[in-house]
Amino acid sequence: MTDVAEEAGWATAKTLAEALPYIQIYDRETVVIKYGGHAMGQEDVAKVFAADAVLLKLLGVHPVVVHGGGPQISRMLDKAGVKSTFVDGLRVPVGQGRAPDHR
């Protein structure tokens, strides 16, 4: 084993040891993971994300992936001439009905 591979192995072991309490808490639980729009266009990020989601499944956690798509939605709205703003982190089309009800 090379020094680099050995270092990577120790780093992985350290990360898993730090994550163990959370792995135990979320054992057999369903967790929702947002895969944001900014990450969607980066193949290297997608591969790491997929590997991490598979690892969670192997550890007994049930990941459900939802996508954000913010940049892609913004481009489509711009093309359609729809102006929007964000209120409390939620996209709200300007002049298109009322703001979301946050009850």
# chains A, B, ... in the order shown; residues from 1 in each chain; ligands from 1

$ residues_around --residues "segment 60-70 of chain A" --least-positions-apart "2" --cutoff "7 Å" --atoms "only C-alpha atoms" --output "PyMOL selection string"
chain A and resi 26-37+53+56-58+72-74

$ select_by_dssp --residues "chain A" --states "helix (DSSP H, G or I)" --output "ChimeraX atom specification"
/A:3-25,37-40,43-58,70-80

$ write_last_selection --atoms "C-alpha atoms" --output "PDB file, in the first residue's frame"
ATOM      1  CA  ASP A   3       1.649   6.194   1.654  1.00  0.00           C
ATOM      2  CA  VAL A   4      -1.052   8.172  -0.155  1.00  0.00           C
ATOM      3  CA  ALA A   5      -3.477   5.234  -0.141  1.00  0.00           C
ATOM      4  CA  GLU A   6      -2.714   4.544   3.518  1.00  0.00           C
ATOM      5  CA  GLU A   7      -3.359   8.187   4.427  1.00  0.00           C
ATOM      6  CA  ALA A   8      -6.645   8.095   2.516  1.00  0.00           C
ATOM      7  CA  GLY A   9      -7.637   4.919   4.363  1.00  0.00           C
ATOM      8  CA  TRP A  10      -6.920   6.505   7.754  1.00  0.00           C
ATOM      9  CA  ALA A  11      -8.865   9.626   6.760  1.00  0.00           C
ATOM     10  CA  THR A  12     -11.862   7.476   5.783  1.00  0.00           C
ATOM     11  CA  ALA A  13     -11.647   5.529   9.048  1.00  0.00           C
ATOM     12  CA  LYS A  14     -11.526   8.789  11.032  1.00  0.00           C
ATOM     13  CA  THR A  15     -14.556  10.171   9.185  1.00  0.00           C
ATOM     14  CA  LEU A  16     -16.571   6.987   9.781  1.00  0.00           C
ATOM     15  CA  ALA A  17     -15.593   6.954  13.467  1.00  0.00           C
ATOM     16  CA  GLU A  18     -16.799  10.563  13.818  1.00  0.00           C
ATOM     17  CA  ALA A  19     -20.022   9.722  11.970  1.00  0.00           C
ATOM     18  CA  LEU A  20     -20.785   6.572  14.002  1.00  0.00           C
ATOM     19  CA  PRO A  21     -23.123   8.254  16.530  1.00  0.00           C
ATOM     20  CA  TYR A  22     -25.206   9.677  13.659  1.00  0.00           C
ATOM     21  CA  ILE A  23     -25.176   6.369  11.788  1.00  0.00           C
ATOM     22  CA  GLN A  24     -26.582   4.744  14.929  1.00  0.00           C
ATOM     23  CA  ILE A  25     -29.239   7.443  15.392  1.00  0.00           C
ATOM     24  CA  GLY A  37     -28.824  22.705  -8.738  1.00  0.00           C
ATOM     25  CA  HIS A  38     -25.296  24.123  -8.535  1.00  0.00           C
ATOM     26  CA  ALA A  39     -23.902  20.610  -8.037  1.00  0.00           C
ATOM     27  CA  MET A  40     -25.912  19.075 -10.866  1.00  0.00           C
ATOM     28  CA  GLU A  43     -19.701  15.302 -12.983  1.00  0.00           C
ATOM     29  CA  ASP A  44     -17.008  14.880 -10.313  1.00  0.00           C
ATOM     30  CA  VAL A  45     -19.403  16.136  -7.619  1.00  0.00           C
ATOM     31  CA  ALA A  46     -22.145  13.812  -8.925  1.00  0.00           C
ATOM     32  CA  LYS A  47     -19.876  10.770  -8.599  1.00  0.00           C
ATOM     33  CA  VAL A  48     -18.897  11.613  -5.012  1.00  0.00           C
ATOM     34  CA  PHE A  49     -22.527  12.362  -4.120  1.00  0.00           C
ATOM     35  CA  ALA A  50     -23.683   9.034  -5.563  1.00  0.00           C
ATOM     36  CA  ALA A  51     -20.937   7.146  -3.715  1.00  0.00           C
ATOM     37  CA  ASP A  52     -21.932   8.831  -0.440  1.00  0.00           C
ATOM     38  CA  ALA A  53     -25.621   7.992  -0.973  1.00  0.00           C
ATOM     39  CA  VAL A  54     -24.728   4.353  -1.644  1.00  0.00           C
ATOM     40  CA  LEU A  55     -22.552   4.290   1.479  1.00  0.00           C
ATOM     41  CA  LEU A  56     -25.479   5.568   3.555  1.00  0.00           C
ATOM     42  CA  LYS A  57     -27.662   2.772   2.174  1.00  0.00           C
ATOM     43  CA  LEU A  58     -24.991   0.175   2.967  1.00  0.00           C
ATOM     44  CA  GLY A  70     -32.291  26.526  -8.734  1.00  0.00           C
ATOM     45  CA  PRO A  71     -29.930  27.741 -11.484  1.00  0.00           C
ATOM     46  CA  GLN A  72     -31.753  25.711 -14.132  1.00  0.00           C
ATOM     47  CA  ILE A  73     -35.154  27.032 -12.990  1.00  0.00           C
ATOM     48  CA  SER A  74     -33.806  30.602 -12.997  1.00  0.00           C
ATOM     49  CA  ARG A  75     -32.589  30.220 -16.598  1.00  0.00           C
ATOM     50  CA  MET A  76     -35.958  28.845 -17.743  1.00  0.00           C
ATOM     51  CA  LEU A  77     -37.868  31.629 -15.988  1.00  0.00           C
ATOM     52  CA  ASP A  78     -35.567  34.226 -17.584  1.00  0.00           C
ATOM     53  CA  LYS A  79     -36.209  32.703 -21.021  1.00  0.00           C
ATOM     54  CA  ALA A  80     -39.960  32.808 -20.359  1.00  0.00           C
TER      55      ALA A  80
END

$ atom_distance --atom1 "atom CA of Gln42 of chain A" --atom2 "atom CA of Phe86 of chain A"
24.7 Å

$ select_by_dssp --residues "chain A" --states "strand (DSSP E or B)" --output "list in words"
Thr30, Val31, Val32, Ile33, Lys34, Tyr35, His62, Pro63, Val64, Val65, Val66, His67, Ser84, Thr85, Phe86, Val87, Leu90, Arg91, Val92 and Pro93 of chain A

$ write_last_selection --atoms "C-alpha atoms" --output "PDB file, in the first residue's frame"
ATOM      1  CA  THR A  30     -35.372   7.522   5.900  1.00  0.00           C
ATOM      2  CA  VAL A  31     -33.395  10.711   5.334  1.00  0.00           C
ATOM      3  CA  VAL A  32     -34.003  13.302   2.635  1.00  0.00           C
ATOM      4  CA  ILE A  33     -30.936  14.686   0.873  1.00  0.00           C
ATOM      5  CA  LYS A  34     -31.189  17.740  -1.363  1.00  0.00           C
ATOM      6  CA  TYR A  35     -28.922  17.543  -4.397  1.00  0.00           C
ATOM      7  CA  HIS A  62     -32.465   4.937   3.605  1.00  0.00           C
ATOM      8  CA  PRO A  63     -31.585   8.037   1.546  1.00  0.00           C
ATOM      9  CA  VAL A  64     -34.212   9.793  -0.578  1.00  0.00           C
ATOM     10  CA  VAL A  65     -32.689  12.274  -3.005  1.00  0.00           C
ATOM     11  CA  VAL A  66     -34.547  15.405  -4.089  1.00  0.00           C
ATOM     12  CA  HIS A  67     -33.106  17.929  -6.484  1.00  0.00           C
ATOM     13  CA  SER A  84     -39.146  36.068  -9.440  1.00  0.00           C
ATOM     14  CA  THR A  85     -37.747  36.872  -6.036  1.00  0.00           C
ATOM     15  CA  PHE A  86     -36.980  34.854  -2.908  1.00  0.00           C
ATOM     16  CA  VAL A  87     -38.961  35.148   0.320  1.00  0.00           C
ATOM     17  CA  LEU A  90     -38.643  30.227  -1.351  1.00  0.00           C
ATOM     18  CA  ARG A  91     -38.916  31.364  -4.966  1.00  0.00           C
ATOM     19  CA  VAL A  92     -41.946  33.603  -5.517  1.00  0.00           C
ATOM     20  CA  PRO A  93     -42.921  34.755  -9.015  1.00  0.00           C
TER      21      PRO A  93
END
